[in-house]
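**Student:** Quick one: the structure is below, questions incoming.
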Amino acid sequence: MLGPVILAASRSDKMRRFISAAPGTKQVVDRFIAGESVDQVVPIVEDAADKGLEVTLDVVGEDITTPAQAEAARDAYLELVERLKVLDLGPRAEMSVKLSMFGQALENGHELALANVRPVVEAAAAIGTTVTLDAEDHTTLDSMFAIHEELRKDFPQTGCVIQSYLFRTEDDARRLAAAGSRVRIVKGAYKEPASVAYQDKAEIDKAYVRVTRILMEGEGYPMIGSHDPRLIAIAQELGRQSGRKLDEYEFQMLYGIRSDEHIRLAAEGHRMRVYTAYGTDWYGYFMRRLAEKPANLLFFGRSILTKG
């Protein structure tokens, strides 16, 4: 039951200051965050490519309070696209964006986020890659899906994320599982009320399987975001039952978690993409990683005690 407590702490300025100052924090953050700058993350992309892996890059930072900050987020992604272009890494690296970072929660946020994300999607397409719109809390999803639909008119390869713990997701999956779509399925990592989301892990897992089946039986391109060996094996079986070849769907896992499994799946012939976050505003992303798995919290606790 620690997950909801940690997610609540992710929105606390007091906890942000405490966690940031803790002696062992950097050791744990470095496990999940690839670096603070483009210069630090590029070698990781190159190393992944050498290992037969692909990546999706996320510039962390969701606490946007002004239009200027939203424009700075846009520019950070445009800088990333330019570096990938120069190094000819576009085909190996896509990008993941949270629309909150592009101003979605501000006044006229829907229009602002669309205006800011469009040039990033356009620049990505120009170097042979694409962008996936990350799912955030349930109050943002109608806007996210509307922006996704708008972007796909000109950039049909633009992807989106759905979360199995939300009651609405099976319907969303049926709508999205159309030819040309790219859809990532994850369990979900935000604190959601019982009125909109399953609270029990077993129910979330069952929903994950149902949604994965919908995507596999559809005409789009499923992206299976999970570290759970059982769900990975189920996804493989559903892929076989649906007659999909190994390059007709992919697995995605977080940077710093189960790296040996990244290599194993790639060696089996699967497309394996590593979700790689970087940047200085790491707190919200980091806290969700702690909330997702108790072992991450234990690792953090041991690091604080060791360094304290």
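Each chain in the structure tokens gets a letter, A, B and so on, in the order shown; residues start at 1 in every chain, and ligands are counted from 1 in the order they appear.
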Enumerate, in order of chain and increasing residue number, the residues of region 91-163 of chain A with an atom no farther than 6 Å from region 58-62 of chain A, each with its shortest atom pair and distance in Å to one decimal, counting only C-alpha atoms, as a Markdown table.
**Tutor:**
| residue | atom | partner | partner_atom | distance |
| --- | --- | --- | --- | --- |
| A:Ser96 | CA | A:Asp58 | CA | 5.1 |
| A:Ser100 | CA | A:Glu62 | CA | 5.7 |
| A:Met101 | CA | A:Glu62 | CA | 4.6 |
**Student:** Excluding Glu219 (chain A) and any residue of its chain fewer than 4 positions from it, enumerate the residues within 12 Å of it, using only C-alpha atoms, and give them as a ChimeraX atom specification.
**Tutor:** /A:173-183,213-215,242-244,248-249
**Student:** Could you turn the residues from that selection into a file that holds N, CA, C and O atoms, as a PDB file, in the first residue's frame?
**Tutor:**
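Output below, filename part14.pdb:
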ATOM      1  N   ALA A 173      -8.690   1.158 -26.285  1.00  0.00           N
ATOM      2  CA  ALA A 173      -7.879   0.227 -27.066  1.00  0.00           C
ATOM      3  C   ALA A 173      -8.606  -0.209 -28.334  1.00  0.00           C
ATOM      4  O   ALA A 173      -8.008  -0.284 -29.412  1.00  0.00           O
ATOM      5  N   ARG A 174      -9.895  -0.487 -28.225  1.00  0.00           N
ATOM      6  CA  ARG A 174     -10.658  -0.888 -29.413  1.00  0.00           C
ATOM      7  C   ARG A 174     -10.671   0.228 -30.456  1.00  0.00           C
ATOM      8  O   ARG A 174     -10.576  -0.025 -31.658  1.00  0.00           O
ATOM      9  N   ARG A 175     -10.795   1.452 -29.989  1.00  0.00           N
ATOM     10  CA  ARG A 175     -10.825   2.591 -30.911  1.00  0.00           C
ATOM     11  C   ARG A 175      -9.464   2.809 -31.563  1.00  0.00           C
ATOM     12  O   ARG A 175      -9.382   3.169 -32.748  1.00  0.00           O
ATOM     13  N   LEU A 176      -8.401   2.579 -30.807  1.00  0.00           N
ATOM     14  CA  LEU A 176      -7.058   2.894 -31.285  1.00  0.00           C
ATOM     15  C   LEU A 176      -6.409   1.772 -32.086  1.00  0.00           C
ATOM     16  O   LEU A 176      -5.451   2.019 -32.820  1.00  0.00           O
ATOM     17  N   ALA A 177      -6.907   0.552 -31.958  1.00  0.00           N
ATOM     18  CA  ALA A 177      -6.249  -0.601 -32.587  1.00  0.00           C
ATOM     19  C   ALA A 177      -6.569  -0.689 -34.068  1.00  0.00           C
ATOM     20  O   ALA A 177      -6.994  -1.729 -34.578  1.00  0.00           O
ATOM     21  N   ALA A 178      -6.341   0.396 -34.781  1.00  0.00           N
ATOM     22  CA  ALA A 178      -6.636   0.468 -36.211  1.00  0.00           C
ATOM     23  C   ALA A 178      -5.339   0.456 -37.009  1.00  0.00           C
ATOM     24  O   ALA A 178      -4.249   0.652 -36.462  1.00  0.00           O
ATOM     25  N   ALA A 179      -5.467   0.228 -38.287  1.00  0.00           N
ATOM     26  CA  ALA A 179      -4.292   0.158 -39.155  1.00  0.00           C
ATOM     27  C   ALA A 179      -3.459   1.432 -39.040  1.00  0.00           C
ATOM     28  O   ALA A 179      -3.993   2.541 -39.085  1.00  0.00           O
ATOM     29  N   GLY A 180      -2.155   1.255 -38.887  1.00  0.00           N
ATOM     30  CA  GLY A 180      -1.229   2.387 -38.829  1.00  0.00           C
ATOM     31  C   GLY A 180      -1.017   2.966 -37.455  1.00  0.00           C
ATOM     32  O   GLY A 180      -0.125   3.801 -37.269  1.00  0.00           O
ATOM     33  N   SER A 181      -1.810   2.551 -36.475  1.00  0.00           N
ATOM     34  CA  SER A 181      -1.660   3.117 -35.135  1.00  0.00           C
ATOM     35  C   SER A 181      -0.478   2.488 -34.401  1.00  0.00           C
ATOM     36  O   SER A 181      -0.077   1.359 -34.683  1.00  0.00           O
ATOM     37  N   ARG A 182       0.063   3.237 -33.457  1.00  0.00           N
ATOM     38  CA  ARG A 182       1.127   2.744 -32.570  1.00  0.00           C
ATOM     39  C   ARG A 182       0.659   3.028 -31.141  1.00  0.00           C
ATOM     40  O   ARG A 182       0.505   4.186 -30.759  1.00  0.00           O
ATOM     41  N   VAL A 183       0.461   1.962 -30.360  1.00  0.00           N
ATOM     42  CA  VAL A 183      -0.126   2.115 -29.030  1.00  0.00           C
ATOM     43  C   VAL A 183       0.722   1.362 -28.006  1.00  0.00           C
ATOM     44  O   VAL A 183       0.926   0.147 -28.133  1.00  0.00           O
ATOM     45  N   ARG A 213      -4.656  -8.246 -25.595  1.00  0.00           N
ATOM     46  CA  ARG A 213      -5.344  -9.086 -26.595  1.00  0.00           C
ATOM     47  C   ARG A 213      -6.033  -8.210 -27.647  1.00  0.00           C
ATOM     48  O   ARG A 213      -5.958  -8.484 -28.849  1.00  0.00           O
ATOM     49  N   ILE A 214      -6.702  -7.158 -27.201  1.00  0.00           N
ATOM     50  CA  ILE A 214      -7.382  -6.252 -28.137  1.00  0.00           C
ATOM     51  C   ILE A 214      -6.374  -5.662 -29.122  1.00  0.00           C
ATOM     52  O   ILE A 214      -6.622  -5.616 -30.339  1.00  0.00           O
ATOM     53  N   LEU A 215      -5.229  -5.216 -28.612  1.00  0.00           N
ATOM     54  CA  LEU A 215      -4.217  -4.609 -29.482  1.00  0.00           C
ATOM     55  C   LEU A 215      -3.615  -5.635 -30.437  1.00  0.00           C
ATOM     56  O   LEU A 215      -3.391  -5.336 -31.619  1.00  0.00           O
ATOM     57  N   SER A 242      -2.356 -14.392 -32.576  1.00  0.00           N
ATOM     58  CA  SER A 242      -2.873 -13.410 -33.538  1.00  0.00           C
ATOM     59  C   SER A 242      -2.149 -13.464 -34.872  1.00  0.00           C
ATOM     60  O   SER A 242      -2.465 -12.686 -35.780  1.00  0.00           O
ATOM     61  N   GLY A 243      -1.163 -14.340 -34.983  1.00  0.00           N
ATOM     62  CA  GLY A 243      -0.425 -14.484 -36.237  1.00  0.00           C
ATOM     63  C   GLY A 243       0.569 -13.372 -36.505  1.00  0.00           C
ATOM     64  O   GLY A 243       0.941 -13.139 -37.670  1.00  0.00           O
ATOM     65  N   ARG A 244       1.000 -12.699 -35.459  1.00  0.00           N
ATOM     66  CA  ARG A 244       1.939 -11.593 -35.650  1.00  0.00           C
ATOM     67  C   ARG A 244       3.380 -12.104 -35.737  1.00  0.00           C
ATOM     68  O   ARG A 244       3.792 -12.964 -34.963  1.00  0.00           O
ATOM     69  N   GLU A 248       6.220  -7.200 -35.700  1.00  0.00           N
ATOM     70  CA  GLU A 248       4.916  -6.553 -35.805  1.00  0.00           C
ATOM     71  C   GLU A 248       4.384  -6.082 -34.451  1.00  0.00           C
ATOM     72  O   GLU A 248       3.234  -5.704 -34.322  1.00  0.00           O
ATOM     73  N   TYR A 249       5.219  -6.138 -33.457  1.00  0.00           N
ATOM     74  CA  TYR A 249       4.961  -5.531 -32.155  1.00  0.00           C
ATOM     75  C   TYR A 249       6.304  -5.412 -31.452  1.00  0.00           C
ATOM     76  O   TYR A 249       7.318  -5.919 -31.953  1.00  0.00           O
TER      77      TYR A 249
END
**Student:** Any idea what's packed within 12 Å of Gly239 (chain A), counting only C-alpha atoms, ignoring anything in its chain fewer than 2 positions away? Could you give it as an NGL selection string?
**Tutor:** :A and (209 or 212-218 or 221-224 or 232-237 or 241-251 or 270)
**Student:** Could you pull the residues within 7 Å of Thr158 (chain A), counting only C-alpha atoms, minus those fewer than 5 positions along the same chain, as a ChimeraX atom specification?
**Tutor:** /A:130-132,151-152,182
**Student:** Neighbouring residues of Val41 (chain A) were defined as those with any atom within 10 Å, considering only C-alpha atoms; residues of the same chain fewer than 2 positions away were excluded. Please report them as a list in words.
**Tutor:**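 With the cut-off at 10 Å, the set is Ile33, Ala34, Gly35, Glu36, Ser37, Val38, Asp39, Pro43, Ile44, Val45, Glu46, Leu57, Leu80, Thr276, Ala277, Tyr278 and Gly279 of chain A.
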**Student:** Taking only C-alpha atoms into account, name the residue in A:Ala49, A:Ile263, A:Leu112, A:Leu99 that is nearest to Asp137 (chain A).
**Tutor:** A:Leu99
**Student:** What gap, in Å, lies between CA of Gly188 (chain A) and CA of Gln163 (chain A)?
**Tutor:**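 Spanning CA of Gly188 (chain A) to CA of Gln163 (chain A) is a straight-line distance of 4.9 Å.
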**Student:** Using only C-alpha atoms, which of A:Phe155, A:Phe32, A:Tyr190, A:Tyr165 sits nearest Tyr275 (chain A)?
**Tutor:**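 Closest residue, counting only C-alpha atoms: A:Phe32.
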**Student:** Ranking A:Asp63, A:Ala72, A:Arg92, A:Thr129 by minimum distance to Val42 (chain A) and counting only C-alpha atoms, which one comes first?
**Tutor:**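 Closest to Val42 (chain A) of all the choices is A:Arg92.
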**Student:** So which one's closest to Glu261 (chain A), A:Met144, A:Tyr208, A:Gln40, A:Leu53? Using only C-alpha atoms, please.
**Tutor:**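 Closest candidate: A:Leu53.
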**Student:** Output as an NGL selection string all residues of region 72-300 of chain A that backbone DSSP marks as alpha helix (DSSP H).
**Tutor:** :A and (72-86 or 109-126 or 141-154 or 169-176 or 201-217 or 229-241 or 259-267 or 283-292 or 294-300)
**Student:** Output C-alpha atoms of each residue in that selection to a file, as an mmCIF file, in the first residue's frame.
**Tutor:**
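File produced: result.cif:
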data_model
loop_
_atom_site.group_PDB
_atom_site.id
_atom_site.type_symbol
_atom_site.label_atom_id
_atom_site.label_comp_id
_atom_site.auth_asym_id
_atom_site.auth_seq_id
_atom_site.Cartn_x
_atom_site.Cartn_y
_atom_site.Cartn_z
ATOM 1 C CA ALA A 72 11.700 25.728 -23.224
ATOM 2 C CA ALA A 73 10.500 22.125 -23.060
ATOM 3 C CA ARG A 74 9.702 22.236 -26.774
ATOM 4 C CA ASP A 75 13.173 23.608 -27.486
ATOM 5 C CA ALA A 76 14.810 20.868 -25.384
ATOM 6 C CA TYR A 77 13.183 18.244 -27.587
ATOM 7 C CA LEU A 78 14.130 20.122 -30.754
ATOM 8 C CA GLU A 79 17.735 20.145 -29.530
ATOM 9 C CA LEU A 80 17.501 16.387 -29.016
ATOM 10 C CA VAL A 81 16.167 15.873 -32.544
ATOM 11 C CA GLU A 82 19.038 17.911 -33.978
ATOM 12 C CA ARG A 83 21.627 15.806 -32.132
ATOM 13 C CA LEU A 84 20.030 12.558 -33.295
ATOM 14 C CA LYS A 85 20.025 13.904 -36.848
ATOM 15 C CA VAL A 86 23.720 14.808 -36.792
ATOM 16 C CA GLY A 109 -3.558 24.502 -22.352
ATOM 17 C CA HIS A 110 -4.949 22.178 -25.012
ATOM 18 C CA GLU A 111 -4.176 24.621 -27.821
ATOM 19 C CA LEU A 112 -0.828 25.559 -26.254
ATOM 20 C CA ALA A 113 0.291 21.946 -25.906
ATOM 21 C CA LEU A 114 -0.703 21.160 -29.490
ATOM 22 C CA ALA A 115 1.144 24.219 -30.786
ATOM 23 C CA ASN A 116 4.288 23.290 -28.850
ATOM 24 C CA VAL A 117 4.346 19.574 -29.612
ATOM 25 C CA ARG A 118 3.618 19.859 -33.339
ATOM 26 C CA PRO A 119 7.070 21.199 -34.326
ATOM 27 C CA VAL A 120 8.692 18.395 -32.315
ATOM 28 C CA VAL A 121 6.631 15.769 -34.138
ATOM 29 C CA GLU A 122 7.417 17.433 -37.476
ATOM 30 C CA ALA A 123 11.152 17.565 -36.726
ATOM 31 C CA ALA A 124 11.130 13.927 -35.619
ATOM 32 C CA ALA A 125 9.447 12.842 -38.843
ATOM 33 C CA ALA A 126 12.089 14.716 -40.850
ATOM 34 C CA LEU A 141 -6.586 11.965 -21.344
ATOM 35 C CA ASP A 142 -9.384 13.403 -23.449
ATOM 36 C CA SER A 143 -7.092 16.273 -24.389
ATOM 37 C CA MET A 144 -4.179 13.908 -25.061
ATOM 38 C CA PHE A 145 -6.260 11.667 -27.325
ATOM 39 C CA ALA A 146 -7.637 14.679 -29.213
ATOM 40 C CA ILE A 147 -4.119 16.012 -29.803
ATOM 41 C CA HIS A 148 -3.000 12.536 -30.859
ATOM 42 C CA GLU A 149 -5.815 12.349 -33.397
ATOM 43 C CA GLU A 150 -4.981 15.813 -34.729
ATOM 44 C CA LEU A 151 -1.261 15.051 -35.102
ATOM 45 C CA ARG A 152 -1.935 11.769 -36.878
ATOM 46 C CA LYS A 153 -3.642 13.634 -39.712
ATOM 47 C CA ASP A 154 -0.214 14.812 -40.870
ATOM 48 C CA THR A 169 -8.955 1.705 -21.407
ATOM 49 C CA GLU A 170 -10.542 -1.310 -23.095
ATOM 50 C CA ASP A 171 -12.808 1.010 -25.060
ATOM 51 C CA ASP A 172 -9.857 3.256 -25.874
ATOM 52 C CA ALA A 173 -7.879 0.227 -27.066
ATOM 53 C CA ARG A 174 -10.658 -0.888 -29.413
ATOM 54 C CA ARG A 175 -10.825 2.591 -30.911
ATOM 55 C CA LEU A 176 -7.058 2.894 -31.285
ATOM 56 C CA LYS A 201 -3.001 -5.461 -8.600
ATOM 57 C CA ALA A 202 -4.622 -8.680 -9.776
ATOM 58 C CA GLU A 203 -7.452 -6.737 -11.438
ATOM 59 C CA ILE A 204 -4.951 -4.390 -13.094
ATOM 60 C CA ASP A 205 -3.018 -7.372 -14.451
ATOM 61 C CA LYS A 206 -6.201 -9.009 -15.785
ATOM 62 C CA ALA A 207 -7.121 -5.758 -17.525
ATOM 63 C CA TYR A 208 -3.601 -5.549 -18.954
ATOM 64 C CA VAL A 209 -4.058 -8.961 -20.569
ATOM 65 C CA ARG A 210 -7.480 -8.045 -21.962
ATOM 66 C CA VAL A 211 -6.141 -4.815 -23.457
ATOM 67 C CA THR A 212 -3.066 -6.553 -24.883
ATOM 68 C CA ARG A 213 -5.344 -9.086 -26.595
ATOM 69 C CA ILE A 214 -7.382 -6.252 -28.137
ATOM 70 C CA LEU A 215 -4.217 -4.609 -29.482
ATOM 71 C CA MET A 216 -2.723 -7.859 -30.777
ATOM 72 C CA GLU A 217 -5.949 -8.780 -32.568
ATOM 73 C CA PRO A 229 7.878 -11.886 -16.848
ATOM 74 C CA ARG A 230 4.381 -13.373 -16.740
ATOM 75 C CA LEU A 231 2.819 -10.520 -18.722
ATOM 76 C CA ILE A 232 5.688 -10.611 -21.219
ATOM 77 C CA ALA A 233 5.138 -14.336 -21.778
ATOM 78 C CA ILE A 234 1.388 -13.787 -22.162
ATOM 79 C CA ALA A 235 2.015 -11.013 -24.702
ATOM 80 C CA GLN A 236 4.273 -13.335 -26.691
ATOM 81 C CA GLU A 237 1.571 -16.015 -26.713
ATOM 82 C CA LEU A 238 -1.115 -13.511 -27.724
ATOM 83 C CA GLY A 239 1.162 -12.362 -30.531
ATOM 84 C CA ARG A 240 1.514 -15.943 -31.745
ATOM 85 C CA GLN A 241 -2.238 -16.563 -31.507
ATOM 86 C CA SER A 259 18.732 -4.769 -18.430
ATOM 87 C CA ASP A 260 19.498 -8.468 -18.935
ATOM 88 C CA GLU A 261 15.935 -8.971 -20.120
ATOM 89 C CA HIS A 262 16.396 -6.188 -22.695
ATOM 90 C CA ILE A 263 19.240 -8.180 -24.234
ATOM 91 C CA ARG A 264 17.437 -11.529 -24.012
ATOM 92 C CA LEU A 265 14.341 -10.341 -25.851
ATOM 93 C CA ALA A 266 16.406 -8.636 -28.548
ATOM 94 C CA ALA A 267 18.453 -11.814 -29.002
ATOM 95 C CA TYR A 283 11.719 14.298 -9.101
ATOM 96 C CA GLY A 284 8.230 13.385 -10.372
ATOM 97 C CA TYR A 285 9.540 10.686 -12.709
ATOM 98 C CA PHE A 286 11.774 9.268 -9.970
ATOM 99 C CA MET A 287 8.967 9.078 -7.402
ATOM 100 C CA ARG A 288 6.733 7.142 -9.804
ATOM 101 C CA ARG A 289 9.498 4.595 -10.307
ATOM 102 C CA LEU A 290 9.686 4.140 -6.535
ATOM 103 C CA ALA A 291 5.912 3.760 -6.310
ATOM 104 C CA GLU A 292 5.717 1.145 -9.047
ATOM 105 C CA PRO A 294 8.633 -1.999 -3.590
ATOM 106 C CA ALA A 295 12.131 -3.234 -4.484
ATOM 107 C CA ASN A 296 12.938 0.202 -5.882
ATOM 108 C CA LEU A 297 11.959 1.783 -2.562
ATOM 109 C CA LEU A 298 14.062 -0.727 -0.615
ATOM 110 C CA PHE A 299 17.027 0.017 -2.863
ATOM 111 C CA PHE A 300 16.566 3.722 -2.195
#
**Student:** Pick from A:Arg271, A:Gly90, A:Gly220, A:Phe167: nearest to Ala194 (chain A), with only C-alpha atoms counted?
**Tutor:**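 Looking only at the distances to Ala194 (chain A), the closest residue turns out to be A:Phe167.
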**Student:** To one decimal place, how far is CA of Leu89 (chain A) from CA of Gly52 (chain A) in Å?
**Tutor:**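 Between CA of Leu89 (chain A) and CA of Gly52 (chain A) the gap works out to 12.8 Å.
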**Student:** Which distance in Å separates CA of Glu71 (chain A) and CA of Val274 (chain A), to one decimal?
**Tutor:**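 Calculated distance between CA of Glu71 (chain A) and CA of Val274 (chain A) is 26.3 Å.
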**Student:** Could you pull out the residues in region 21-264 of chain A that DSSP calls strand (DSSP E or B) from the backbone, as a PyMOL selection string?
**Tutor:** chain A and resi 33+54-59+93-97+131-133+159-163+166+182-186+197+221-225+250-254
**Student:** Measuring atom to atom with only C-alpha atoms, identify which of A:Ala93, A:Val55, A:Ala68, A:Asp50 is nearest to Tyr255 (chain A).
**Tutor:**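 For Tyr255 (chain A), the nearest of the given residues is A:Val55.
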